[in-house]
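What follows is the content of data-v1.pdb (PDB, C-alpha atoms and all ligand atoms).
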ATOM      1  CA  MET A  30      85.484  96.772 180.703  1.00  0.00           C
ATOM      2  CA  ASN A  31      83.981  93.332 181.124  1.00  0.00           C
ATOM      3  CA  GLY A  32      87.193  91.516 182.085  1.00  0.00           C
ATOM      4  CA  GLU A  33      87.036  89.295 178.995  1.00  0.00           C
ATOM      5  CA  ARG A  34      90.357  88.129 177.614  1.00  0.00           C
ATOM      6  CA  LYS A  35      91.354  90.220 174.604  1.00  0.00           C
ATOM      7  CA  PHE A  36      92.368  88.706 171.280  1.00  0.00           C
ATOM      8  CA  ARG A  37      96.183  88.748 171.233  1.00  0.00           C
ATOM      9  CA  LEU A  38      98.434  89.647 168.306  1.00  0.00           C
ATOM     10  CA  GLY A  39     102.058  88.629 167.810  1.00  0.00           C
ATOM     11  CA  VAL A  40     103.655  90.947 165.239  1.00  0.00           C
ATOM     12  CA  LEU A  41     106.804  90.009 163.279  1.00  0.00           C
ATOM     13  CA  GLY A  42     108.727  92.550 161.205  1.00  0.00           C
ATOM     14  CA  SER A  43     112.150  93.305 159.766  1.00  0.00           C
ATOM     15  CA  GLY A  44     111.719  96.900 158.645  1.00  0.00           C
ATOM     16  CA  LYS A  45     110.642 100.392 159.528  1.00  0.00           C
ATOM     17  CA  GLY A  46     107.392  99.202 161.091  1.00  0.00           C
ATOM     18  CA  SER A  47     104.833 101.526 159.502  1.00  0.00           C
ATOM     19  CA  ASN A  48     102.254  98.729 159.181  1.00  0.00           C
ATOM     20  CA  PHE A  49     102.871  97.783 162.793  1.00  0.00           C
ATOM     21  CA  VAL A  50     102.226 101.408 163.808  1.00  0.00           C
ATOM     22  CA  ALA A  51      98.925 101.422 161.860  1.00  0.00           C
ATOM     23  CA  ILE A  52      97.856  98.191 163.591  1.00  0.00           C
ATOM     24  CA  ALA A  53      99.025  99.141 167.102  1.00  0.00           C
ATOM     25  CA  ASP A  54      97.287 102.515 166.826  1.00  0.00           C
ATOM     26  CA  ALA A  55      94.086 100.872 165.556  1.00  0.00           C
ATOM     27  CA  CYS A  56      94.188  98.506 168.575  1.00  0.00           C
ATOM     28  CA  ALA A  57      94.733 101.438 170.951  1.00  0.00           C
ATOM     29  CA  ALA A  58      91.851 103.357 169.338  1.00  0.00           C
ATOM     30  CA  GLY A  59      89.511 100.344 169.567  1.00  0.00           C
ATOM     31  CA  ARG A  60      89.239  99.928 165.768  1.00  0.00           C
ATOM     32  CA  ILE A  61      90.782  96.464 166.135  1.00  0.00           C
ATOM     33  CA  PRO A  62      89.335  94.494 169.080  1.00  0.00           C
ATOM     34  CA  ALA A  63      92.740  93.132 170.067  1.00  0.00           C
ATOM     35  CA  GLU A  64      95.986  93.933 171.816  1.00  0.00           C
ATOM     36  CA  VAL A  65      99.576  93.584 170.698  1.00  0.00           C
ATOM     37  CA  ALA A  66     101.011  90.860 172.948  1.00  0.00           C
ATOM     38  CA  ILE A  67     104.539  90.789 171.514  1.00  0.00           C
ATOM     39  CA  VAL A  68     106.652  92.202 168.679  1.00  0.00           C
ATOM     40  CA  LEU A  69     109.564  90.162 167.324  1.00  0.00           C
ATOM     41  CA  SER A  70     112.220  91.095 164.794  1.00  0.00           C
ATOM     42  CA  ASP A  71     115.082  89.247 163.163  1.00  0.00           C
ATOM     43  CA  LEU A  72     117.010  92.543 162.992  1.00  0.00           C
ATOM     44  CA  ALA A  73     118.159  94.243 166.200  1.00  0.00           C
ATOM     45  CA  GLU A  74     118.050  97.713 164.631  1.00  0.00           C
ATOM     46  CA  ALA A  75     114.644  97.377 162.923  1.00  0.00           C
ATOM     47  CA  GLY A  76     112.396 100.427 163.338  1.00  0.00           C
ATOM     48  CA  ILE A  77     109.486  98.184 164.308  1.00  0.00           C
ATOM     49  CA  LEU A  78     111.185  97.347 167.649  1.00  0.00           C
ATOM     50  CA  GLU A  79     111.707 101.026 168.405  1.00  0.00           C
ATOM     51  CA  HIS A  80     108.040 101.830 167.605  1.00  0.00           C
ATOM     52  CA  ALA A  81     106.952  98.993 169.907  1.00  0.00           C
ATOM     53  CA  ARG A  82     109.164 100.176 172.759  1.00  0.00           C
ATOM     54  CA  GLN A  83     107.892 103.763 172.378  1.00  0.00           C
ATOM     55  CA  ARG A  84     104.387 102.316 172.889  1.00  0.00           C
ATOM     56  CA  ARG A  85     105.577 100.279 175.877  1.00  0.00           C
ATOM     57  CA  LEU A  86     104.765  97.010 174.136  1.00  0.00           C
ATOM     58  CA  PRO A  87     106.918  93.881 174.653  1.00  0.00           C
ATOM     59  CA  ALA A  88     109.520  93.815 171.876  1.00  0.00           C
ATOM     60  CA  ARG A  89     112.380  91.404 171.266  1.00  0.00           C
ATOM     61  CA  HIS A  90     115.119  90.881 168.754  1.00  0.00           C
ATOM     62  CA  LEU A  91     115.349  87.147 168.041  1.00  0.00           C
ATOM     63  CA  PRO A  92     118.334  86.267 165.812  1.00  0.00           C
ATOM     64  CA  PRO A  93     117.313  84.277 162.707  1.00  0.00           C
ATOM     65  CA  GLY A  94     120.244  81.849 162.695  1.00  0.00           C
ATOM     66  CA  LYS A  95     122.461  80.815 159.840  1.00  0.00           C
ATOM     67  CA  PHE A  96     120.231  81.266 156.768  1.00  0.00           C
ATOM     68  CA  ARG A  97     119.551  84.424 154.770  1.00  0.00           C
ATOM     69  CA  THR A  98     115.905  83.994 153.737  1.00  0.00           C
ATOM     70  CA  LYS A  99     114.417  81.744 156.434  1.00  0.00           C
ATOM     71  CA  LEU A 100     114.798  80.931 160.142  1.00  0.00           C
ATOM     72  CA  ASP A 101     117.062  78.031 161.058  1.00  0.00           C
ATOM     73  CA  GLU A 102     115.647  75.253 163.272  1.00  0.00           C
ATOM     74  CA  GLU A 103     116.839  76.701 166.540  1.00  0.00           C
ATOM     75  CA  ALA A 104     115.563  80.168 165.671  1.00  0.00           C
ATOM     76  CA  GLU A 105     112.239  78.731 164.543  1.00  0.00           C
ATOM     77  CA  ARG A 106     111.865  77.015 167.935  1.00  0.00           C
ATOM     78  CA  ALA A 107     112.702  80.295 169.713  1.00  0.00           C
ATOM     79  CA  TYR A 108     110.082  82.216 167.678  1.00  0.00           C
ATOM     80  CA  VAL A 109     107.391  79.583 168.289  1.00  0.00           C
ATOM     81  CA  ALA A 110     108.196  79.507 172.027  1.00  0.00           C
ATOM     82  CA  ALA A 111     108.097  83.317 172.352  1.00  0.00           C
ATOM     83  CA  LEU A 112     104.763  83.499 170.529  1.00  0.00           C
ATOM     84  CA  GLU A 113     103.285  80.633 172.555  1.00  0.00           C
ATOM     85  CA  ASP A 114     104.526  82.166 175.810  1.00  0.00           C
ATOM     86  CA  ALA A 115     102.815  85.415 174.812  1.00  0.00           C
ATOM     87  CA  GLN A 116      99.611  83.397 174.172  1.00  0.00           C
ATOM     88  CA  VAL A 117      99.007  84.945 170.789  1.00  0.00           C
ATOM     89  CA  ASP A 118      95.827  84.198 168.839  1.00  0.00           C
ATOM     90  CA  LEU A 119      97.045  85.594 165.523  1.00  0.00           C
ATOM     91  CA  ILE A 120     100.472  86.203 164.032  1.00  0.00           C
ATOM     92  CA  VAL A 121     100.680  89.359 161.967  1.00  0.00           C
ATOM     93  CA  LEU A 122     103.578  89.544 159.525  1.00  0.00           C
ATOM     94  CA  ALA A 123     104.352  93.217 158.967  1.00  0.00           C
ATOM     95  CA  GLY A 124     107.318  93.345 156.630  1.00  0.00           C
ATOM     96  CA  PHE A 125     108.933  90.160 158.025  1.00  0.00           C
ATOM     97  CA  MET A 126     111.376  89.331 155.252  1.00  0.00           C
ATOM     98  CA  ARG A 127     111.876  85.624 155.972  1.00  0.00           C
ATOM     99  CA  VAL A 128     109.835  82.723 154.672  1.00  0.00           C
ATOM    100  CA  LEU A 129     108.154  80.697 157.418  1.00  0.00           C
ATOM    101  CA  LYS A 130     108.446  76.931 157.137  1.00  0.00           C
ATOM    102  CA  GLY A 131     107.021  73.638 158.373  1.00  0.00           C
ATOM    103  CA  ASP A 132     107.092  73.573 162.176  1.00  0.00           C
ATOM    104  CA  PHE A 133     106.241  77.260 162.510  1.00  0.00           C
ATOM    105  CA  LEU A 134     103.315  76.954 160.077  1.00  0.00           C
ATOM    106  CA  ARG A 135     102.066  73.791 161.799  1.00  0.00           C
ATOM    107  CA  ALA A 136     102.188  75.480 165.221  1.00  0.00           C
ATOM    108  CA  PHE A 137      99.944  78.318 164.048  1.00  0.00           C
ATOM    109  CA  GLU A 138      97.854  76.793 161.286  1.00  0.00           C
ATOM    110  CA  GLU A 139      95.394  79.290 159.755  1.00  0.00           C
ATOM    111  CA  ARG A 140      96.541  81.826 162.348  1.00  0.00           C
ATOM    112  CA  ILE A 141      99.179  83.745 160.374  1.00  0.00           C
ATOM    113  CA  VAL A 142      98.433  86.742 158.149  1.00  0.00           C
ATOM    114  CA  ASN A 143     100.734  88.735 155.874  1.00  0.00           C
ATOM    115  CA  ILE A 144     100.641  91.928 153.844  1.00  0.00           C
ATOM    116  CA  HIS A 145     102.261  92.148 150.444  1.00  0.00           C
ATOM    117  CA  PRO A 146     102.717  95.273 148.302  1.00  0.00           C
ATOM    118  CA  SER A 147     101.031  94.015 145.100  1.00  0.00           C
ATOM    119  CA  LEU A 148      97.761  92.533 143.929  1.00  0.00           C
ATOM    120  CA  LEU A 149      98.662  88.871 144.427  1.00  0.00           C
ATOM    121  CA  PRO A 150      99.119  86.506 142.666  1.00  0.00           C
ATOM    122  CA  SER A 151     100.951  89.153 140.592  1.00  0.00           C
ATOM    123  CA  PHE A 152     104.457  90.061 141.717  1.00  0.00           C
ATOM    124  CA  PRO A 153     105.272  87.897 144.755  1.00  0.00           C
ATOM    125  CA  GLY A 154     108.737  88.258 146.265  1.00  0.00           C
ATOM    126  CA  LEU A 155     110.964  91.284 146.714  1.00  0.00           C
ATOM    127  CA  GLU A 156     110.323  94.881 145.573  1.00  0.00           C
ATOM    128  CA  ALA A 157     106.855  94.111 144.223  1.00  0.00           C
ATOM    129  CA  TRP A 158     106.268  97.792 143.380  1.00  0.00           C
ATOM    130  CA  LYS A 159     109.346  97.758 141.151  1.00  0.00           C
ATOM    131  CA  GLN A 160     108.190  94.532 139.510  1.00  0.00           C
ATOM    132  CA  ALA A 161     104.840  96.245 138.775  1.00  0.00           C
ATOM    133  CA  LEU A 162     106.568  99.276 137.185  1.00  0.00           C
ATOM    134  CA  ASP A 163     108.929  97.083 135.152  1.00  0.00           C
ATOM    135  CA  HIS A 164     105.957  95.063 133.899  1.00  0.00           C
ATOM    136  CA  GLY A 165     104.045  98.189 132.864  1.00  0.00           C
ATOM    137  CA  VAL A 166     100.792  97.365 134.660  1.00  0.00           C
ATOM    138  CA  LYS A 167      98.302 100.241 135.063  1.00  0.00           C
ATOM    139  CA  VAL A 168      97.052  99.196 138.493  1.00  0.00           C
ATOM    140  CA  THR A 169      98.736  97.492 141.391  1.00  0.00           C
ATOM    141  CA  GLY A 170      98.009  97.617 145.122  1.00  0.00           C
ATOM    142  CA  CYS A 171      98.339  95.534 148.243  1.00  0.00           C
ATOM    143  CA  THR A 172      97.042  92.204 149.502  1.00  0.00           C
ATOM    144  CA  VAL A 173      96.396  90.789 152.969  1.00  0.00           C
ATOM    145  CA  HIS A 174      96.314  87.000 153.060  1.00  0.00           C
ATOM    146  CA  PHE A 175      96.558  83.993 155.331  1.00  0.00           C
ATOM    147  CA  VAL A 176      99.994  82.403 155.064  1.00  0.00           C
ATOM    148  CA  ASP A 177     100.493  78.924 153.659  1.00  0.00           C
ATOM    149  CA  ALA A 178     103.648  77.029 152.696  1.00  0.00           C
ATOM    150  CA  GLY A 179     104.268  79.106 149.533  1.00  0.00           C
ATOM    151  CA  VAL A 180     105.922  82.514 149.186  1.00  0.00           C
ATOM    152  CA  ASP A 181     103.387  85.362 149.306  1.00  0.00           C
ATOM    153  CA  CYS A 182     100.483  83.027 148.755  1.00  0.00           C
ATOM    154  CA  GLY A 183      97.563  81.682 150.729  1.00  0.00           C
ATOM    155  CA  PRO A 184      93.860  82.557 150.967  1.00  0.00           C
ATOM    156  CA  ILE A 185      93.266  86.272 150.306  1.00  0.00           C
ATOM    157  CA  ILE A 186      91.435  88.292 152.974  1.00  0.00           C
ATOM    158  CA  GLY A 187      91.466  91.696 151.276  1.00  0.00           C
ATOM    159  CA  GLN A 188      93.015  93.734 148.484  1.00  0.00           C
ATOM    160  CA  GLN A 189      93.212  97.435 147.732  1.00  0.00           C
ATOM    161  CA  VAL A 190      93.989  98.920 144.319  1.00  0.00           C
ATOM    162  CA  VAL A 191      96.556 101.649 143.607  1.00  0.00           C
ATOM    163  CA  PRO A 192      96.730 103.200 140.097  1.00  0.00           C
ATOM    164  CA  VAL A 193     100.167 103.349 138.483  1.00  0.00           C
ATOM    165  CA  LEU A 194     100.819 106.893 137.191  1.00  0.00           C
ATOM    166  CA  ASP A 195     102.926 107.740 134.118  1.00  0.00           C
ATOM    167  CA  GLU A 196     105.254 109.822 136.272  1.00  0.00           C
ATOM    168  CA  ASP A 197     105.717 107.170 138.997  1.00  0.00           C
ATOM    169  CA  THR A 198     109.179 106.188 140.145  1.00  0.00           C
ATOM    170  CA  PRO A 199     109.702 103.063 142.286  1.00  0.00           C
ATOM    171  CA  GLU A 200     109.798 105.366 145.328  1.00  0.00           C
ATOM    172  CA  THR A 201     106.544 107.269 144.641  1.00  0.00           C
ATOM    173  CA  LEU A 202     104.653 104.085 143.781  1.00  0.00           C
ATOM    174  CA  HIS A 203     105.973 102.301 146.871  1.00  0.00           C
ATOM    175  CA  GLN A 204     104.929 105.267 149.024  1.00  0.00           C
ATOM    176  CA  ARG A 205     101.328 105.237 147.731  1.00  0.00           C
ATOM    177  CA  ILE A 206     101.078 101.446 148.116  1.00  0.00           C
ATOM    178  CA  ASN A 207     102.463 101.737 151.659  1.00  0.00           C
ATOM    179  CA  ALA A 208      99.807 104.357 152.515  1.00  0.00           C
ATOM    180  CA  THR A 209      97.006 102.036 151.314  1.00  0.00           C
ATOM    181  CA  GLU A 210      98.508  99.168 153.334  1.00  0.00           C
ATOM    182  CA  HIS A 211      97.928 101.242 156.459  1.00  0.00           C
ATOM    183  CA  GLU A 212      94.198 101.371 155.627  1.00  0.00           C
ATOM    184  CA  LEU A 213      93.759  97.762 154.504  1.00  0.00           C
ATOM    185  CA  TYR A 214      95.781  95.846 157.096  1.00  0.00           C
ATOM    186  CA  PRO A 215      93.979  97.120 160.232  1.00  0.00           C
ATOM    187  CA  LYS A 216      90.585  96.426 158.587  1.00  0.00           C
ATOM    188  CA  CYS A 217      91.578  92.851 157.725  1.00  0.00           C
ATOM    189  CA  VAL A 218      93.110  92.150 161.153  1.00  0.00           C
ATOM    190  CA  ALA A 219      89.937  93.538 162.763  1.00  0.00           C
ATOM    191  CA  ALA A 220      87.780  91.199 160.650  1.00  0.00           C
ATOM    192  CA  VAL A 221      89.879  88.189 161.727  1.00  0.00           C
ATOM    193  CA  ALA A 222      89.902  89.286 165.396  1.00  0.00           C
ATOM    194  CA  ARG A 223      86.110  89.660 165.339  1.00  0.00           C
ATOM    195  CA  GLY A 224      85.821  86.135 163.936  1.00  0.00           C
ATOM    196  CA  GLU A 225      84.060  87.480 160.836  1.00  0.00           C
ATOM    197  CA  VAL A 226      85.959  85.455 158.246  1.00  0.00           C
ATOM    198  CA  SER A 227      86.504  81.792 157.560  1.00  0.00           C
ATOM    199  CA  ILE A 228      88.758  79.907 155.168  1.00  0.00           C
ATOM    200  CA  GLN A 229      87.034  77.691 152.607  1.00  0.00           C
ATOM    201  CA  GLY A 230      89.644  76.072 150.399  1.00  0.00           C
ATOM    202  CA  ARG A 231      91.485  78.886 148.618  1.00  0.00           C
ATOM    203  CA  ARG A 232      88.828  81.433 149.515  1.00  0.00           C
ATOM    204  CA  VAL A 233      88.231  83.569 152.588  1.00  0.00           C
ATOM    205  CA  VAL A 234      84.527  84.283 153.062  1.00  0.00           C
ATOM    206  CA  ARG A 235      82.553  86.478 155.417  1.00  0.00           C
ATOM    207  CA  LYS A 236      80.629  84.426 157.942  1.00  0.00           C
ATOM    208  CA  LYS A 237      76.860  84.902 157.635  1.00  0.00           C
TER
HETATM  209  C1  LIG B 301     105.454  96.639 153.391  1.00  0.00           C
HETATM  210  O1  LIG B 301     105.338  97.374 152.197  1.00  0.00           O
HETATM  211  C2  LIG B 301     105.034  95.205 153.179  1.00  0.00           C
HETATM  212  O2  LIG B 301     104.006  95.067 152.261  1.00  0.00           O
HETATM  213  C3  LIG B 301     106.303  94.588 152.669  1.00  0.00           C
HETATM  214  O3  LIG B 301     107.301  95.165 153.477  1.00  0.00           O
HETATM  215  C4  LIG B 301     106.924  96.497 153.812  1.00  0.00           C
HETATM  216  C5  LIG B 301     107.120  96.696 155.296  1.00  0.00           C
HETATM  217  O4  LIG B 301     106.989  98.049 155.616  1.00  0.00           O
HETATM  218  N1  LIG B 301     106.272  93.150 152.804  1.00  0.00           N
HETATM  219  C6  LIG B 301     106.692  92.321 151.851  1.00  0.00           C
HETATM  220  O5  LIG B 301     107.187  92.698 150.805  1.00  0.00           O
HETATM  221  C7  LIG B 301     106.508  90.848 152.169  1.00  0.00           C
HETATM  222  N2  LIG B 301     106.700  90.041 151.002  1.00  0.00           N
HETATM  223  P1  LIG B 301     106.803  98.489 157.130  1.00  0.00           P
HETATM  224  O6  LIG B 301     107.979  97.904 157.913  1.00  0.00           O
HETATM  225  O7  LIG B 301     106.860  99.987 157.073  1.00  0.00           O
HETATM  226  O8  LIG B 301     105.479  97.968 157.611  1.00  0.00           O
END
Could you quickly redo this structure as structure tokens?
Ligand code: GAR
Amino acid sequence: MNGERKFRLGVLGSGKGSNFVAIADACAAGRIPAEVAIVLSDLAEAGILEHARQRRLPARHLPPGKFRTKLDEEAERAYVAALEDAQVDLIVLAGFMRVLKGDFLRAFEERIVNIHPSLLPSFPGLEAWKQALDHGVKVTGCTVHFVDAGVDCGPIIGQQVVPVLDEDTPETLHQRINATEHELYPKCVAAVARGEVSIQGRRVVRKK
């Protein structure tokens, strides 16, 4: 140990927390040079909070306020304050099912990443695996990207392909995409934490 301050992650999620587990375990194993500083969820019963508590990581339920798909102003202030108090360097959205808006994005410009279960820009929004099946595509996958003001868009850090099989159901396809997310997301977060990538317009490039 050289006493240097570690890169700090703030993780936001609304669901079962499998991507959080992949990232927390990669941090603990040294595959991501970072630590989880705080985990926040808009849902009190979300699995992600339970996984965080089992790992003795700070975890809080922060109510989202009066809207269904975004945080209201008061909630947004509470999220920003909690993340600033925790001195996070990067916000990692891991199944956080609310769109982040103005003041939140401005507070953490170019410091928010998200994972989405499709090869963006195809199939943004909900149940992307089902959208892929309904559309009849032969490959889909997952995407890790920096977050901008749009929904599931922003400069792409990495993508991983998943073939669609004739016998796939929404459940089997979602499961295989989810498994690839657990490989891709830790690699992308590690690249950001190591300072290996930079944003140039719409593109994310490896620093020379
Ligand atoms: C993941 O499949 C993630 O890609 C998706 O939510 C799931 C969360 O699972 N996110 C989105 O659809 C965002 N638009 P997890 O709670 O097990 O990590």
So which residues touch range 37-52 of chain A within 6 Å, counting all atoms listed in the file, skipping near sequence neighbours fewer than 4 positions away, as a list of chain:residue names? A:Ala63, A:Glu64, A:Val65, A:Ala66, A:Ile67, A:Val68, A:Leu69, A:Ser70, A:Leu72, A:Ala75, A:Gly76, A:Ile77, A:Val117, A:Asp118, A:Leu119, A:Ile120, A:Val121, A:Leu122, A:Ala123, A:Gly124, A:Phe125, A:His211, A:Pro215
Evaluating the PyMOL selection byres (((chain A and resi 221) around 10) and not hetatm) on the displayed file yields which residues, as a PyMOL selection string? chain A and resi 36+61-62+119+140+142+186+215-220+222-227+235
Save out the residues we just selected, C-alpha atoms, as a PDB file, keeping the file's coordinate frame.
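New file selection10.pdb:
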ATOM      1  CA  PHE A  36      92.368  88.706 171.280  1.00  0.00           C
ATOM      2  CA  ILE A  61      90.782  96.464 166.135  1.00  0.00           C
ATOM      3  CA  PRO A  62      89.335  94.494 169.080  1.00  0.00           C
ATOM      4  CA  LEU A 119      97.045  85.594 165.523  1.00  0.00           C
ATOM      5  CA  ARG A 140      96.541  81.826 162.348  1.00  0.00           C
ATOM      6  CA  VAL A 142      98.433  86.742 158.149  1.00  0.00           C
ATOM      7  CA  ILE A 186      91.435  88.292 152.974  1.00  0.00           C
ATOM      8  CA  PRO A 215      93.979  97.120 160.232  1.00  0.00           C
ATOM      9  CA  LYS A 216      90.585  96.426 158.587  1.00  0.00           C
ATOM     10  CA  CYS A 217      91.578  92.851 157.725  1.00  0.00           C
ATOM     11  CA  VAL A 218      93.110  92.150 161.153  1.00  0.00           C
ATOM     12  CA  ALA A 219      89.937  93.538 162.763  1.00  0.00           C
ATOM     13  CA  ALA A 220      87.780  91.199 160.650  1.00  0.00           C
ATOM     14  CA  ALA A 222      89.902  89.286 165.396  1.00  0.00           C
ATOM     15  CA  ARG A 223      86.110  89.660 165.339  1.00  0.00           C
ATOM     16  CA  GLY A 224      85.821  86.135 163.936  1.00  0.00           C
ATOM     17  CA  GLU A 225      84.060  87.480 160.836  1.00  0.00           C
ATOM     18  CA  VAL A 226      85.959  85.455 158.246  1.00  0.00           C
ATOM     19  CA  SER A 227      86.504  81.792 157.560  1.00  0.00           C
ATOM     20  CA  ARG A 235      82.553  86.478 155.417  1.00  0.00           C
TER      21      ARG A 235
END
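For the choices A:Pro150, A:Arg85, A:Ala115, A:His90, the atom-to-atom distance to Gly179 in chain A is smallest for A:Pro150 when using all atoms listed in the file.
Closest to Gly187 in chain A among A:Asp101, A:Asp132, A:Glu200, A:Glu212 is A:Glu212, based on all atoms listed in the file.
Of the residues under consideration (A:Val234, A:Leu213, A:Val176, A:Ala55), A:Val176 shows the shortest atom-to-atom contact distance to Leu134 in chain A when counting only C-alpha atoms.
What separates CA of Asp195 in chain A from atom C2 of ligand LIG 301 (chain B) is a distance of 22.9 Å.
What separates CA of Thr169 in chain A from CA of Ser147 in chain A is a distance of 5.6 Å.
Residue nearest Gln189 in chain A, chosen from A:Lys236, A:His80, A:Arg34, A:Arg205 and counting all atoms listed in the file: A:Arg205.
Distances here use only C-alpha atoms and all ligand atoms; by that measure, the residue among A:Cys171, A:Leu100, A:Leu91, A:Ala136 closest to ligand LIG 301 (chain B) is A:Cys171.
If you measure from each of A:Val166, A:Ala73, A:Ala81, A:Ala157 to ligand LIG 301 (chain B) using only C-alpha atoms and all ligand atoms, the closest one turns out to be A:Ala157.
Those DNA, RNA and protein residues that approach the point (101.0, 94.6, 153.8) to within 6 Å, considering all atoms listed in the file, are Ile144, His145, Pro146 and Glu210 of chain A.
Computed from the coordinates, the CA of Gly131 in chain A to CA of Asn207 in chain A distance equals 29.2 Å.
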